[in-house]
Every structure is written in C-alpha cells, then in structure tokens.
$ cat coords10.txt   # compact mmCIF, C-alpha atoms and all ligand atoms
# COMPACT_ATOMS: atom_id res chain seq x y z
CA MET A 1 0.00 0.00 0.00
CA TYR A 2 1.09 3.53 -0.73
CA LEU A 3 -0.06 6.53 1.24
CA GLY A 4 0.51 9.92 -0.39
CA ILE A 5 0.03 13.21 1.44
CA ASP A 6 0.49 16.71 0.06
CA ASP A 7 -0.24 20.40 0.51
CA THR A 8 -0.91 20.23 4.24
CA ASP A 9 1.43 22.97 5.47
CA SER A 10 1.64 26.72 5.01
CA ARG A 11 4.37 29.30 4.70
CA GLU A 12 3.87 30.12 8.35
CA GLY A 13 4.08 26.69 9.87
CA MET A 14 3.77 22.92 10.10
CA CYS A 15 5.40 20.52 7.68
CA THR A 16 4.06 17.67 5.60
CA THR A 17 7.04 15.53 6.65
CA PHE A 18 5.80 15.75 10.25
CA VAL A 19 2.34 14.59 9.17
CA GLY A 20 4.23 11.71 7.52
CA LEU A 21 5.93 10.85 10.79
CA LYS A 22 2.57 10.80 12.57
CA ALA A 23 1.13 8.58 9.85
CA ILE A 24 4.05 6.17 10.18
CA MET A 25 3.53 5.85 13.94
CA ARG A 26 -0.17 5.12 13.39
CA ILE A 27 0.51 2.56 10.64
CA ILE A 28 2.95 0.71 12.92
CA GLU A 29 0.41 0.86 15.79
CA LEU A 30 -2.11 -0.78 13.48
CA GLY A 31 0.26 -3.71 13.00
CA TYR A 32 1.78 -2.96 9.60
CA ASP A 33 5.41 -2.50 8.62
CA ILE A 34 7.01 0.39 6.77
CA ILE A 35 8.69 -0.73 3.53
CA GLY A 36 11.92 1.09 2.67
CA TYR A 37 12.33 4.73 3.52
CA PRO A 38 9.43 7.15 3.48
CA ARG A 39 9.69 9.49 0.51
CA LEU A 40 9.74 13.24 0.20
CA VAL A 41 9.02 14.11 -3.41
CA ARG A 42 9.50 17.69 -4.59
CA LEU A 43 7.45 18.78 -7.55
CA ASN A 44 7.54 21.66 -10.05
CA PRO A 45 9.15 24.52 -8.14
CA ASN A 46 7.71 27.15 -10.50
CA ILE A 47 4.01 26.66 -9.98
CA PRO A 48 2.49 29.86 -8.64
CA TRP A 49 0.26 28.48 -5.91
CA LYS A 50 2.74 26.13 -4.23
CA THR A 51 2.82 26.07 -0.44
CA ARG A 52 6.36 26.15 0.90
CA GLY A 53 8.53 23.64 -0.83
CA ASN A 54 5.93 21.94 -3.01
CA GLY A 55 6.84 18.52 -1.66
CA SER A 56 4.67 15.50 -1.09
CA VAL A 57 5.20 12.65 1.33
CA VAL A 58 4.77 9.00 0.37
CA ILE A 59 4.80 6.05 2.75
CA ARG A 60 4.84 2.46 1.57
CA PHE A 61 3.63 -0.11 4.07
CA GLY A 62 2.42 -3.69 4.37
CA TYR A 63 4.07 -6.82 5.75
CA GLY A 64 7.84 -6.48 5.77
CA SER A 65 10.48 -9.07 5.05
CA GLY A 66 14.24 -9.08 4.59
CA GLU A 67 16.68 -6.67 6.15
CA ARG A 68 15.46 -4.06 8.61
CA ILE A 69 16.93 -0.58 8.30
CA LYS A 70 16.59 2.07 10.95
CA ILE A 71 14.72 4.99 9.42
CA GLY A 72 13.98 7.08 12.48
CA GLU A 73 13.13 7.39 16.12
CA MET A 74 10.17 8.72 18.08
CA GLU A 75 10.48 9.39 21.80
CA GLY A 76 13.17 6.74 22.13
CA GLU A 77 11.28 4.17 20.07
CA GLU A 78 13.19 3.06 16.98
CA ILE A 79 11.44 3.07 13.62
CA TYR A 80 12.41 0.54 10.96
CA GLY A 81 11.84 0.13 7.27
CA TYR A 82 11.94 -3.32 5.67
CA ALA A 83 13.86 -4.12 2.52
CA ARG A 84 10.97 -5.99 0.90
CA GLU A 85 7.24 -6.49 1.15
CA LYS A 86 5.73 -9.96 1.44
CA LYS A 87 2.28 -10.92 0.25
CA GLY A 88 -0.67 -10.47 2.55
CA LYS A 89 -4.01 -8.74 2.46
CA ILE A 90 -4.03 -5.29 3.98
CA HIS A 91 -7.31 -4.25 5.54
CA LEU A 92 -6.91 -0.58 5.93
CA SER A 93 -8.89 2.39 4.75
CA LEU A 94 -8.18 6.09 5.14
CA ASP A 95 -10.67 6.12 8.03
CA ALA A 96 -8.00 4.53 10.21
CA LEU A 97 -5.54 7.35 9.50
CA ILE A 98 -7.62 10.41 8.84
CA ASP A 99 -7.87 11.85 12.37
CA ILE A 100 -4.11 11.82 12.92
CA LEU A 101 -3.48 13.43 9.53
CA GLU A 102 -6.19 16.10 9.75
CA LYS A 103 -4.98 17.17 13.15
CA TYR A 104 -1.85 18.68 11.58
CA PHE A 105 -3.29 20.27 8.43
CA VAL A 106 -3.00 24.07 8.32
CA ILE A 107 -6.51 24.23 6.95
CA ALA A 108 -6.99 27.92 7.82
CA ASP A 109 -4.34 29.06 5.32
CA GLU A 110 -5.96 29.99 2.02
CA ASN A 111 -3.11 28.44 0.04
CA THR A 112 -3.28 25.12 1.84
CA ASN A 113 -5.44 22.58 0.01
CA PRO A 114 -4.60 19.15 1.39
CA GLY A 115 -5.03 15.89 -0.43
CA ILE A 116 -4.48 12.28 0.66
CA VAL A 117 -4.28 9.20 -1.54
CA LEU A 118 -4.22 5.53 -0.55
CA THR A 119 -3.57 2.93 -3.23
CA GLU A 120 -2.48 -0.66 -3.61
CA ARG A 121 -1.04 -0.08 -7.05
CA LYS A 122 1.75 2.26 -8.01
CA PHE A 123 0.83 4.88 -10.62
CA PRO A 124 2.53 5.28 -14.04
CA GLU A 125 5.94 6.91 -13.83
CA SER A 126 5.00 9.49 -16.48
CA LEU A 127 2.79 11.22 -13.89
CA TYR A 128 5.83 12.02 -11.81
CA TRP A 129 7.73 13.50 -14.72
CA ARG A 130 4.80 15.64 -15.76
CA ALA A 131 4.28 16.94 -12.22
CA VAL A 132 7.94 17.72 -11.61
CA ARG A 133 8.39 19.44 -14.98
CA GLY A 134 4.97 20.87 -15.78
CA LEU A 135 1.42 21.11 -14.55
CA ILE A 136 -1.30 18.48 -14.16
CA GLU A 137 -4.94 19.42 -13.74
CA ILE A 138 -6.81 18.04 -10.75
CA GLU A 139 -9.62 16.63 -12.96
CA GLU A 140 -7.17 14.31 -14.69
CA ILE A 141 -5.82 13.08 -11.36
CA GLU A 142 -9.30 12.40 -9.97
CA GLU A 143 -10.23 10.42 -13.04
CA LEU A 144 -7.06 8.34 -12.73
CA LEU A 145 -7.65 7.72 -9.01
CA ARG A 146 -11.20 6.55 -9.70
CA ASN A 147 -10.03 4.26 -12.51
CA GLU A 148 -7.27 2.81 -10.33
CA GLY A 149 -9.71 2.21 -7.47
CA ALA A 150 -7.61 4.35 -5.16
CA GLU A 151 -9.08 5.89 -2.04
CA TYR A 152 -8.59 9.63 -1.71
CA ARG A 153 -9.70 12.70 0.21
CA LYS A 154 -9.70 16.32 -0.82
CA TYR A 155 -9.81 19.28 1.52
CA LYS A 156 -10.96 22.64 0.18
CA LEU A 157 -9.64 22.73 -3.42
CA GLY A 158 -7.90 19.45 -2.69
CA ARG A 159 -4.94 20.23 -4.92
CA GLY A 160 -2.80 18.06 -2.67
CA ILE A 161 -4.06 14.95 -4.45
CA ILE A 162 -1.99 15.99 -7.48
CA GLY A 163 1.26 15.94 -5.54
CA ALA A 164 0.26 12.89 -3.52
CA THR A 165 -0.44 10.94 -6.72
CA ALA A 166 2.67 12.18 -8.54
CA GLY A 167 4.76 11.37 -5.47
CA ILE A 168 3.52 7.77 -5.47
CA ALA A 169 4.47 7.59 -9.18
CA TRP A 170 8.12 8.52 -8.47
CA ARG A 171 10.52 5.61 -9.16
CA ALA A 172 13.53 7.03 -7.29
CA LYS A 173 15.97 6.43 -10.13
CA LYS A 174 18.05 9.35 -8.91
CA LYS A 175 17.77 10.08 -5.22
CA THR A 176 19.29 11.64 -2.14
CA TYR A 177 18.25 11.52 1.53
CA GLU A 178 17.22 13.99 4.16
CA LEU A 179 17.25 13.37 7.90
CA LEU A 180 14.78 15.62 9.69
CA THR A 181 14.64 16.19 13.44
CA TYR A 182 11.45 17.33 15.16
CA VAL A 183 10.97 19.36 18.33
CA PRO A 184 8.40 18.14 20.87
CA GLU A 185 4.86 19.29 20.09
CA GLU A 186 4.60 21.63 23.06
CA LYS A 187 7.62 23.49 21.64
CA PHE A 188 6.41 23.99 18.06
CA ASN A 189 6.01 27.72 18.63
CA SER A 190 9.03 28.34 20.83
CA GLU A 191 12.38 29.75 19.84
CA ARG A 192 15.01 27.18 19.02
CA PHE A 193 18.63 27.23 18.03
CA VAL A 194 21.20 25.21 16.17
CA ASP A 195 24.85 25.76 17.01
CA GLU A 196 26.59 27.27 13.99
CA ARG A 197 30.03 25.90 14.78
CA SER A 198 28.73 22.34 15.16
CA VAL A 199 27.06 22.58 11.74
CA ILE A 200 30.35 23.71 10.15
CA GLU A 201 32.22 20.85 11.85
CA MET A 202 29.63 18.35 10.67
CA ASP A 203 29.70 19.81 7.14
CA ARG A 204 33.47 19.38 6.98
CA ALA A 205 33.52 15.89 8.51
CA ILE A 206 30.65 14.15 6.72
CA LYS A 207 31.53 14.39 3.03
CA SER A 208 28.38 12.77 1.67
CA THR A 209 26.19 15.58 3.05
CA PHE A 210 25.47 18.76 1.13
CA ASP A 211 23.91 22.24 1.46
CA ASN A 212 24.42 22.36 5.21
CA TYR A 213 25.99 25.75 5.56
CA ASP A 214 26.49 28.81 3.40
CA TYR A 215 30.04 29.96 4.10
CA GLU A 216 29.76 33.05 1.95
CA ASN A 217 26.62 34.34 3.67
CA ARG A 218 27.20 32.72 7.10
CA TYR A 219 23.83 31.03 6.93
CA ILE A 220 22.78 27.77 8.60
CA ALA A 221 20.90 26.12 5.74
CA ILE A 222 19.82 23.02 7.67
CA MET A 223 17.44 25.17 9.78
CA PRO A 224 14.03 26.12 8.38
CA ASN A 225 13.17 29.82 8.11
CA SER A 226 9.72 29.55 9.58
CA LYS A 227 8.51 27.92 12.76
CA THR A 228 7.77 24.37 11.84
CA PRO A 229 8.07 21.15 13.81
CA VAL A 230 11.43 20.68 12.10
CA LEU A 231 14.48 21.64 14.10
CA TYR A 232 16.83 20.91 11.21
CA GLY A 233 17.19 18.75 8.10
CA ILE A 234 20.50 17.31 6.90
CA ARG A 235 20.79 16.29 3.25
CA GLY A 236 23.14 13.73 1.86
CA SER A 237 23.70 10.91 -0.57
CA ASP A 238 24.29 8.20 2.07
CA PRO A 239 21.53 7.62 4.66
CA ARG A 240 23.89 5.93 7.16
CA ASP A 241 26.12 9.00 7.23
CA LEU A 242 23.13 11.15 8.09
CA ILE A 243 22.75 9.47 11.48
CA LYS A 244 26.43 10.22 12.17
CA ALA A 245 25.90 13.80 11.02
CA LYS A 246 22.93 14.18 13.37
CA SER A 247 25.07 13.20 16.34
CA MET A 248 27.47 16.05 15.54
CA VAL A 249 24.93 18.88 15.37
CA LYS A 250 24.27 20.67 18.66
CA GLY A 251 21.13 22.65 19.35
CA SER A 252 17.69 22.63 20.96
CA GLU A 253 16.09 19.45 22.15
CA PHE A 254 14.31 17.20 19.66
CA ASN A 255 12.34 14.07 20.40
CA ALA A 256 12.05 12.47 16.97
CA PHE A 257 13.87 12.08 13.68
CA LEU A 258 13.05 10.51 10.36
CA ILE A 259 15.06 9.83 7.20
CA TYR A 260 13.34 10.51 3.92
CA GLU A 261 14.41 9.28 0.51
CA THR A 262 13.99 12.24 -1.82
CA ASN A 263 14.39 13.63 -5.31
CA GLN A 264 16.08 16.71 -3.85
CA GLY A 265 19.33 17.60 -5.57
CA THR A 266 18.59 15.48 -8.65
CA ASP A 267 17.82 18.16 -11.28
CA ASP A 268 14.78 16.04 -12.21
CA HIS A 269 12.82 19.25 -12.85
CA LEU A 270 15.11 20.31 -15.72
CA GLN A 271 14.71 19.52 -19.39
CA ARG A 272 17.04 20.40 -22.26
CA LYS A 273 15.28 22.68 -24.68
CA LYS A 274 15.73 25.05 -27.60
CA ILE A 275 14.82 28.62 -26.74
CA LYS A 276 11.96 28.69 -29.25
CA ASP A 277 10.24 25.84 -27.36
CA ILE A 278 10.34 27.16 -23.79
CA HIS A 279 7.28 28.11 -21.71
CA SER A 280 6.57 29.78 -18.39
CA TYR A 281 6.72 27.58 -15.27
CA GLU A 282 9.09 25.08 -16.90
CA SER A 283 12.64 24.47 -15.72
CA VAL A 284 15.16 24.15 -18.48
CA ILE A 285 18.75 23.67 -19.57
CA LEU A 286 19.57 26.01 -22.45
CA ARG A 287 22.81 26.08 -24.39
CA GLY A 288 23.66 29.27 -26.17
CA LYS A 289 25.83 32.32 -26.57
CA VAL A 290 25.68 35.45 -24.50
CA ILE A 291 24.46 38.21 -26.81
CA GLU A 292 24.11 41.11 -24.39
CA ARG A 293 26.42 42.11 -21.58
CA PRO A 294 24.96 41.51 -18.12
CA ILE A 295 23.59 44.61 -16.45
CA ARG A 296 22.53 45.30 -12.90
CA ILE A 297 18.94 46.54 -12.73
CA GLU A 298 16.85 48.09 -9.97
CA GLY A 299 16.59 45.81 -6.99
CA GLY A 300 20.11 44.50 -7.52
CA HIS A 301 19.13 41.82 -10.03
CA VAL A 302 21.55 40.98 -12.86
CA ILE A 303 20.10 40.38 -16.33
CA PHE A 304 21.67 39.30 -19.61
CA LYS A 305 20.54 37.73 -22.85
CA ILE A 306 21.48 34.49 -24.58
CA SER A 307 20.66 33.13 -28.02
CA ASP A 308 20.86 29.61 -29.43
CA GLY A 309 19.97 30.39 -33.03
CA THR A 310 16.31 29.46 -32.53
CA GLY A 311 15.59 32.49 -30.38
CA SER A 312 16.84 34.56 -27.51
CA VAL A 313 15.82 34.91 -23.88
CA GLU A 314 16.70 37.00 -20.85
CA CYS A 315 18.44 35.22 -17.99
CA ALA A 316 18.43 36.59 -14.48
CA ALA A 317 20.44 36.21 -11.32
CA TYR A 318 18.08 37.74 -8.80
CA GLU A 319 19.16 39.67 -5.73
CA PRO A 320 18.77 36.72 -3.31
CA THR A 321 21.50 34.89 -5.24
CA LYS A 322 23.99 37.31 -3.62
CA GLY A 323 27.59 36.71 -4.72
CA PHE A 324 26.52 34.59 -7.69
CA ARG A 325 25.58 37.85 -9.41
CA ASP A 326 29.28 38.75 -9.64
CA VAL A 327 29.93 35.49 -11.50
CA VAL A 328 27.22 36.38 -13.98
CA MET A 329 28.56 39.94 -14.36
CA ALA A 330 31.81 38.41 -15.63
CA LEU A 331 30.13 37.10 -18.80
CA TYR A 332 30.69 38.76 -22.17
CA PRO A 333 28.95 38.56 -25.50
CA GLY A 334 30.19 35.55 -27.42
CA ASP A 335 30.70 33.36 -24.36
CA GLU A 336 29.24 29.93 -24.82
CA ILE A 337 27.29 28.76 -21.78
CA GLU A 338 24.60 26.47 -20.46
CA VAL A 339 21.93 28.03 -18.27
CA TYR A 340 19.98 25.92 -15.75
CA GLY A 341 16.84 27.43 -14.26
CA GLY A 342 13.11 27.98 -14.02
CA ILE A 343 11.16 30.21 -16.35
CA ARG A 344 9.26 33.05 -14.76
CA LYS A 345 6.13 34.44 -16.25
CA ASP A 346 5.79 38.02 -14.98
CA ARG A 347 9.07 39.07 -16.55
CA PHE A 348 9.78 36.25 -19.00
CA THR A 349 13.24 35.28 -17.78
CA VAL A 350 15.21 32.20 -16.89
CA ASN A 351 15.68 32.37 -13.13
CA ILE A 352 19.20 30.93 -12.99
CA GLU A 353 20.04 28.06 -10.61
CA LYS A 354 23.44 27.40 -12.09
CA ILE A 355 25.46 27.99 -15.23
CA ARG A 356 28.12 26.03 -17.02
CA VAL A 357 30.70 28.12 -18.80
CA ILE A 358 31.79 26.12 -21.84
CA LYS A 359 33.99 28.52 -23.82
CA THR A 360 34.80 32.16 -23.30
CA GLU A 361 35.53 34.84 -25.87
CA GLU A 362 38.94 36.43 -25.92
CA ILE A 363 38.36 39.99 -24.74
CA MET A 364 41.00 42.67 -25.29
CA VAL A 365 40.86 45.70 -23.06
CA LYS A 366 42.72 48.96 -23.60
CA VAL A 367 45.17 49.59 -20.80
CA GLU A 368 46.98 52.66 -22.14
CA ASN A 369 46.54 55.33 -24.81
CA PRO A 370 49.21 55.29 -27.55
CA THR A 371 52.23 57.59 -27.38
CA CYS A 372 52.89 60.10 -30.13
CA PRO A 373 55.29 58.64 -32.72
CA LYS A 374 56.96 62.08 -33.08
CA CYS A 375 57.22 63.64 -29.61
CA GLY A 376 56.54 60.64 -27.38
CA ARG A 377 53.71 62.24 -25.39
CA LYS A 378 50.54 60.37 -24.43
CA MET A 379 47.93 60.87 -27.11
CA GLU A 380 44.27 61.76 -26.49
CA SER A 381 41.16 59.97 -27.68
CA ILE A 382 39.23 61.80 -30.37
CA GLY A 383 36.06 59.92 -29.55
CA LYS A 384 34.87 56.36 -29.20
CA GLY A 385 36.22 54.35 -32.14
CA LYS A 386 37.74 57.42 -33.80
CA GLY A 387 41.38 57.02 -32.85
CA TYR A 388 43.86 59.29 -31.07
CA ARG A 389 45.52 62.63 -31.61
CA CYS A 390 48.64 64.29 -30.22
CA ARG A 391 47.68 67.63 -28.75
CA LYS A 392 51.10 69.10 -29.53
CA CYS A 393 51.92 67.74 -33.01
CA GLY A 394 48.36 67.18 -34.26
CA ILE A 395 49.31 63.69 -35.47
CA LYS A 396 46.42 61.20 -35.63
CA VAL A 397 46.60 57.42 -35.17
CA GLY A 398 43.95 54.66 -35.25
CA GLU A 399 42.37 52.77 -32.35
CA GLU A 400 44.74 49.84 -32.85
CA ALA A 401 47.72 51.99 -31.83
CA ALA A 402 46.67 51.87 -28.16
CA LYS A 403 48.07 49.26 -25.78
CA TYR A 404 45.73 46.32 -25.21
CA GLU A 405 45.80 43.42 -22.82
CA GLU A 406 43.82 40.22 -22.84
CA LEU A 407 41.17 40.28 -20.12
CA LYS A 408 41.46 37.50 -17.59
CA ARG A 409 38.27 35.54 -18.16
CA ILE A 410 36.06 33.36 -16.02
CA LYS A 411 37.21 29.71 -16.12
CA PRO A 412 35.10 27.08 -17.88
CA GLY A 413 33.07 24.96 -15.45
CA TYR A 414 29.95 25.04 -13.31
CA TYR A 415 28.89 27.97 -11.16
CA GLU A 416 25.86 27.81 -8.87
CA VAL A 417 23.82 30.09 -6.66
CA PRO A 418 24.92 30.03 -3.01
CA VAL A 419 23.36 27.53 -0.60
CA ILE A 420 21.11 30.26 0.83
CA ALA A 421 19.36 30.58 -2.54
CA ARG A 422 19.42 26.89 -3.47
CA ARG A 423 16.25 25.20 -4.74
CA HIS A 424 15.30 21.80 -3.32
CA LEU A 425 15.53 20.05 -6.68
CA ALA A 426 18.68 21.75 -7.95
CA LYS A 427 21.63 19.39 -8.14
CA PRO A 428 24.55 20.93 -6.28
CA VAL A 429 27.76 21.18 -8.33
CA LYS A 430 29.37 19.06 -5.63
CA LEU A 431 27.12 16.12 -6.60
CA ILE A 432 27.80 16.70 -10.31
CA MET A 433 31.56 16.55 -9.63
CA GLU A 434 31.30 13.45 -7.44
CA ASN A 435 29.22 11.78 -10.14
CA VAL A 436 26.86 10.37 -7.50
CA PHE A 437 24.15 9.71 -10.11
ZN ZN B 501 53.40 64.53 -30.57
$ encode --input "coords10.txt" --output "structure tokens" --more "lines below"
Ligand SMILES: [Zn+2]
Amino acid sequence: MYLGIDDTDSREGMCTTFVGLKAIMRIIELGYDIIGYPRLVRLNPNIPWKTRGNGSVVIRFGYGSGERIKIGEMEGEEIYGYAREKKGKIHLSLDALIDILEKYFVIADENTNPGIVLTERKFPESLYWRAVRGLIEIEEIEELLRNEGAEYRKYKLGRGIIGATAGIAWRAKKKTYELLTYVPEEKFNSERFVDERSVIEMDRAIKSTFDNYDYENRYIAIMPNSKTPVLYGIRGSDPRDLIKAKSMVKGSEFNAFLIYETNQGTDDHLQRKKIKDIHSYESVILRGKVIERPIRIEGGHVIFKISDGTGSVECAAYEPTKGFRDVVMALYPGDEIEVYGGIRKDRFTVNIEKIRVIKTEEIMVKVENPTCPKCGRKMESIGKGKGYRCRKCGIKVGEEAAKYEELKRIKPGYYEVPVIARRHLAKPVKLIMENVF
C-alpha cells in the first residue's frame, strides 16, 4: 500500500514531513510495517500556488520481510523500514488514519489545500515527470484515481491529491536523503537554536552531506526559516552517514527524527530545450551564446541575454543569489554557456540556478593610450572608435595603436547560486563533480 500526502502545510508553519511521521507511527500501531524509507518528493518549483517547498510525502507499508533498516526514532522508540514487502491482504482504509493526519493540516491558510491518496497499485511513472516538470490538472488526477480504485480525500480545493499521486508515481531512479529532526509538540512555537560551529564541523567531517551551511553568507541552511516542527534537516547521498551527522549537530532538544528518501538535488525538474520551445513555469537547460552584456537593474538583479539560433531569452540572477551575481557579471557577448533554471512568467526570464561556462571569448581591453610617434607624449582619444591625436603635433593614429591586454576571463566549469538561494531540486555542483548519479 502507498499513502501519499500533500499540501498540508503553510508558509507560516507545520510541515508535511511531520504529518508523515505521525502517519508512520499510526501505521505501525495498526500492526503494519514500513517498507523502505518514506519518501519526500519535490514537484515543479515554479508553480504559482505552491505552499512552501511543493513537496509530497509517500509512505509504503504492508508486511515487511528481509533486512530491517533504521529509518527514524520517536520518543526513544526506533522506527524501521523493511527491505521488501511480502504478500498479505491489507485491511486498511483512510478512516483509520484520517484523524491523525487532519490534526496537523493548516486548513486555515488559504493556500493550503490538502489531499491524501491511498492505493495498492503504483501509478505510471510518467505522472511524476509531468508533475515535476509541468502542470497536471486536478480533474485528470481524480479520473485516474477513480479508474485505479484508489481511495482519496480532498480538503478545500484538494490540490494536494496531485502531488500525492505524482509522489507515489516517483521511481527514485536518482535520489538523495534527508534526515529531519522534530521538536516536541509543546515546543512547536518556541524559539530554538542550532549551534553554527557544530554545523560547520559536521559539514566538513561528513563528506556525503550537502547544502548544510552557506560559508559566503554565514547562513545555517539546515534550519528552516519559519517555525515548523522541524528543528533541522540534513541532506546527503548516504543515509547511514546522516545518522552520524545528526550526532554532531548541537542545538535545541528534539524528540524524533526521520530519514526521507527524496528527489532533492537530482535536477529532475530540468529539461534540455531550444529557446523557441520554452514556456513559463518550466525548468530548463539552455545552451547558447551570451548576446548582451549583463547589467545590474533596480533591486540589484543581474540580467543578460542568450541566443541559441532558434531564439533569444533573458536570464536573471536575482538579488537573493547574492555573490553569484558577480559570477554572472563576468560574462561577455560571445561566451558559450549552459543556463539551468526555471522560467518566470511576470518578466519572461530564466531564473538561474546554475550555469556552465563552456567557452569564453577572448576579450582585449585597452590599458593605455598610444604615445605620439613624433614627440613621445601620451595621445588623447578623439572619440569612441575614432582614434587618437597628439595635442602638440596634431598627429592622428587609429584605435589599434593603443596598448591592449587580454582580459582574464572566467574559467570554464559550473557555477551555482549560493546555498542560501538553493532550490530543493537543484543538483549541487558538488554532486555533479562526485558523479553520485
Ligand atoms: Zn606629438
């Protein structure tokens, strides 16, 4: 059986992964086993009405067999996931879970439209790809759920059933893990802290983790921005290392943790496209040449234009990308690059997540005016592109007479936005270099 839950939290609080933890505890109480790791599946990051991270939670359960892996802990009780599922009839309907789930929905928030799906059969993989890269209408999902004989519940607009269904359809071909710790319920609204130094030490010691700390902006990325049940979440490519990493981080008290298998850091949302074929709300990889020098516009955003022969499009490094904007400012017309990012609608731009510099143009910059061939004095510019003249002798020379030097250019390779501006799905350059998947 697969249980999918989505769109239960709000920007202000709660977290669907906590609802997942509560569901797991109930499922175990009812006598079933968790199969594998629970899943946290991020979907299209560009859709306008997303809650916080646009992530759905999927729990597979039944009768376990094979190896038992520790996937979490709740108030000292260890939680296990089984390697395989053995046959056996499961007599469970959503009625047995609904009260525990509903209790943690942020139903009052206008943008929160929860959906829950319970199904024996997995859904076609194509649903996942469409939901992570585009948009699926709720009517189509409802029809599919009815045809599949799945049980589902919608709250308010019930959009959560889209993510819940697409999450169940995910095949985890590329995956990472996230270990989340949760503060006790009576402390959901209290201040909490995570010790910065301990996060840096953990980040340096546990190599398979990523996006823990932003050194450039001195920002603890494992801590959520809003008050949620989550104290911190550590991401990594090896789930066993995450338990070690947890033991190194110091901070407020937590009474539970859970490891999710996720599509975070996989770049699953991106598709290679020609510029003429791109649409709003998609995330794309475009290869082209810079055709307009980057400029800094109001608000501190940096904008430039690329073309691939089929069309041209503006690319933007927005203000929250901080120091990454200086990388982008170093581009010149003629540079061949790949741009990775989501397409915004309001100002049709590619919101850059990372770039790959493939080949740079040789840029010559004037470092000195020419000297007069007769008297040896420095000559003066007549005007842009018009050459130089000696004030004393009146001799004129062309532009080429000046002294030029080759500009030191940005090195080929990948450049990404800092951790503070990182999107859940964006594959960190570190993972690209390590060739994890
Ligand atoms: Zn002269």
$ closest_atom_pairs --input "coords10.txt" --of "chain A" --to "ligand ZN 501 (chain B)" --cutoff "10 Å" --atoms "only C-alpha atoms and all ligand atoms" --output "JSON lines"
{"residue": "A:Thr371", "atom": "CA", "partner": "B:ZN501", "partner_atom": "ZN", "distance": 7.7}
{"residue": "A:Cys372", "atom": "CA", "partner": "B:ZN501", "partner_atom": "ZN", "distance": 4.5}
{"residue": "A:Pro373", "atom": "CA", "partner": "B:ZN501", "partner_atom": "ZN", "distance": 6.5}
{"residue": "A:Lys374", "atom": "CA", "partner": "B:ZN501", "partner_atom": "ZN", "distance": 5.0}
{"residue": "A:Cys375", "atom": "CA", "partner": "B:ZN501", "partner_atom": "ZN", "distance": 4.0}
{"residue": "A:Gly376", "atom": "CA", "partner": "B:ZN501", "partner_atom": "ZN", "distance": 5.9}
{"residue": "A:Arg377", "atom": "CA", "partner": "B:ZN501", "partner_atom": "ZN", "distance": 5.7}
{"residue": "A:Lys378", "atom": "CA", "partner": "B:ZN501", "partner_atom": "ZN", "distance": 7.9}
{"residue": "A:Met379", "atom": "CA", "partner": "B:ZN501", "partner_atom": "ZN", "distance": 7.4}
{"residue": "A:Arg389", "atom": "CA", "partner": "B:ZN501", "partner_atom": "ZN", "distance": 8.2}
{"residue": "A:Cys390", "atom": "CA", "partner": "B:ZN501", "partner_atom": "ZN", "distance": 4.8}
{"residue": "A:Arg391", "atom": "CA", "partner": "B:ZN501", "partner_atom": "ZN", "distance": 6.8}
{"residue": "A:Lys392", "atom": "CA", "partner": "B:ZN501", "partner_atom": "ZN", "distance": 5.2}
{"residue": "A:Cys393", "atom": "CA", "partner": "B:ZN501", "partner_atom": "ZN", "distance": 4.3}
{"residue": "A:Gly394", "atom": "CA", "partner": "B:ZN501", "partner_atom": "ZN", "distance": 6.8}
{"residue": "A:Ile395", "atom": "CA", "partner": "B:ZN501", "partner_atom": "ZN", "distance": 6.4}
{"residue": "A:Lys396", "atom": "CA", "partner": "B:ZN501", "partner_atom": "ZN", "distance": 9.2}
$ write_last_selection --input "coords10.txt" --atoms "C-alpha atoms" --output "tab-separated table (two decimals), in the coordinates of the input"
chain	number	residue	atom	x	y	z
A	371	THR	CA	52.23	57.59	-27.38
A	372	CYS	CA	52.89	60.10	-30.13
A	373	PRO	CA	55.29	58.64	-32.72
A	374	LYS	CA	56.96	62.08	-33.08
A	375	CYS	CA	57.22	63.64	-29.61
A	376	GLY	CA	56.54	60.64	-27.38
A	377	ARG	CA	53.71	62.24	-25.39
A	378	LYS	CA	50.54	60.37	-24.43
A	379	MET	CA	47.93	60.87	-27.11
A	389	ARG	CA	45.52	62.63	-31.61
A	390	CYS	CA	48.64	64.29	-30.22
A	391	ARG	CA	47.68	67.63	-28.75
A	392	LYS	CA	51.10	69.10	-29.53
A	393	CYS	CA	51.92	67.74	-33.01
A	394	GLY	CA	48.36	67.18	-34.26
A	395	ILE	CA	49.31	63.69	-35.47
A	396	LYS	CA	46.42	61.20	-35.63
$ closest_residue --input "coords10.txt" --among "A:Ser312, A:Glu380, A:Gly62, A:Gly88" --to "Ile278 (chain A)" --atoms "only C-alpha atoms"
A:Ser312
$ closest_atom_pairs --input "coords10.txt" --of "region 15-80 of chain A" --to "region 220-233 of chain A" --cutoff "9 Å" --atoms "only C-alpha atoms" --output "CSV"
residue,atom,partner,partner_atom,distance
A:Cys15,CA,A:Thr228,CA,6.1
A:Thr17,CA,A:Val230,CA,8.7
A:Phe18,CA,A:Pro229,CA,6.9
$ atom_distance --input "coords10.txt" --atom1 "CA of Arg235 (chain A)" --atom2 "CA of Leu40 (chain A)"
11.9 Å
$ residues_near_point --input "coords10.txt" --point "(-6.6, 1.9, 5.8)" --cutoff "10 Å" --atoms "only C-alpha atoms" --output "list in words"
Met1, Leu3, Ile27, Leu30, Ile90, His91, Leu92, Ser93, Leu94, Asp95, Ala96, Leu97, Ile98, Leu118, Thr119 and Glu151 of chain A
$ closest_residue --input "coords10.txt" --among "A:Lys244, A:Lys322, A:His279, A:Arg146" --to "Asn217 (chain A)" --atoms "all atoms listed in the file"
A:Lys322
$ closest_atom_pairs --input "coords10.txt" --of "region 193-240 of chain A" --to "region 261-277 of chain A" --cutoff "12 Å" --atoms "only C-alpha atoms" --output "JSON lines"
{"residue": "A:Thr209", "atom": "CA", "partner": "A:Gly265", "partner_atom": "CA", "distance": 11.2}
{"residue": "A:Phe210", "atom": "CA", "partner": "A:Gly265", "partner_atom": "CA", "distance": 9.2}
{"residue": "A:Asp211", "atom": "CA", "partner": "A:Gly265", "partner_atom": "CA", "distance": 9.6}
{"residue": "A:Ile234", "atom": "CA", "partner": "A:Gln264", "partner_atom": "CA", "distance": 11.6}
{"residue": "A:Arg235", "atom": "CA", "partner": "A:Gln264", "partner_atom": "CA", "distance": 8.5}
{"residue": "A:Gly236", "atom": "CA", "partner": "A:Gly265", "partner_atom": "CA", "distance": 9.2}
{"residue": "A:Ser237", "atom": "CA", "partner": "A:Gly265", "partner_atom": "CA", "distance": 9.4}
{"residue": "A:Asp238", "atom": "CA", "partner": "A:Glu261", "partner_atom": "CA", "distance": 10.1}
{"residue": "A:Pro239", "atom": "CA", "partner": "A:Glu261", "partner_atom": "CA", "distance": 8.4}
$ write_last_selection --input "coords10.txt" --atoms "C-alpha atoms" --output "compact mmCIF listing (two decimals), in the coordinates of the input"
# COMPACT_ATOMS: atom_id res chain seq x y z
CA THR A 209 26.19 15.58 3.05
CA PHE A 210 25.47 18.76 1.13
CA ASP A 211 23.91 22.24 1.46
CA ILE A 234 20.50 17.31 6.90
CA ARG A 235 20.79 16.29 3.25
CA GLY A 236 23.14 13.73 1.86
CA SER A 237 23.70 10.91 -0.57
CA ASP A 238 24.29 8.20 2.07
CA PRO A 239 21.53 7.62 4.66
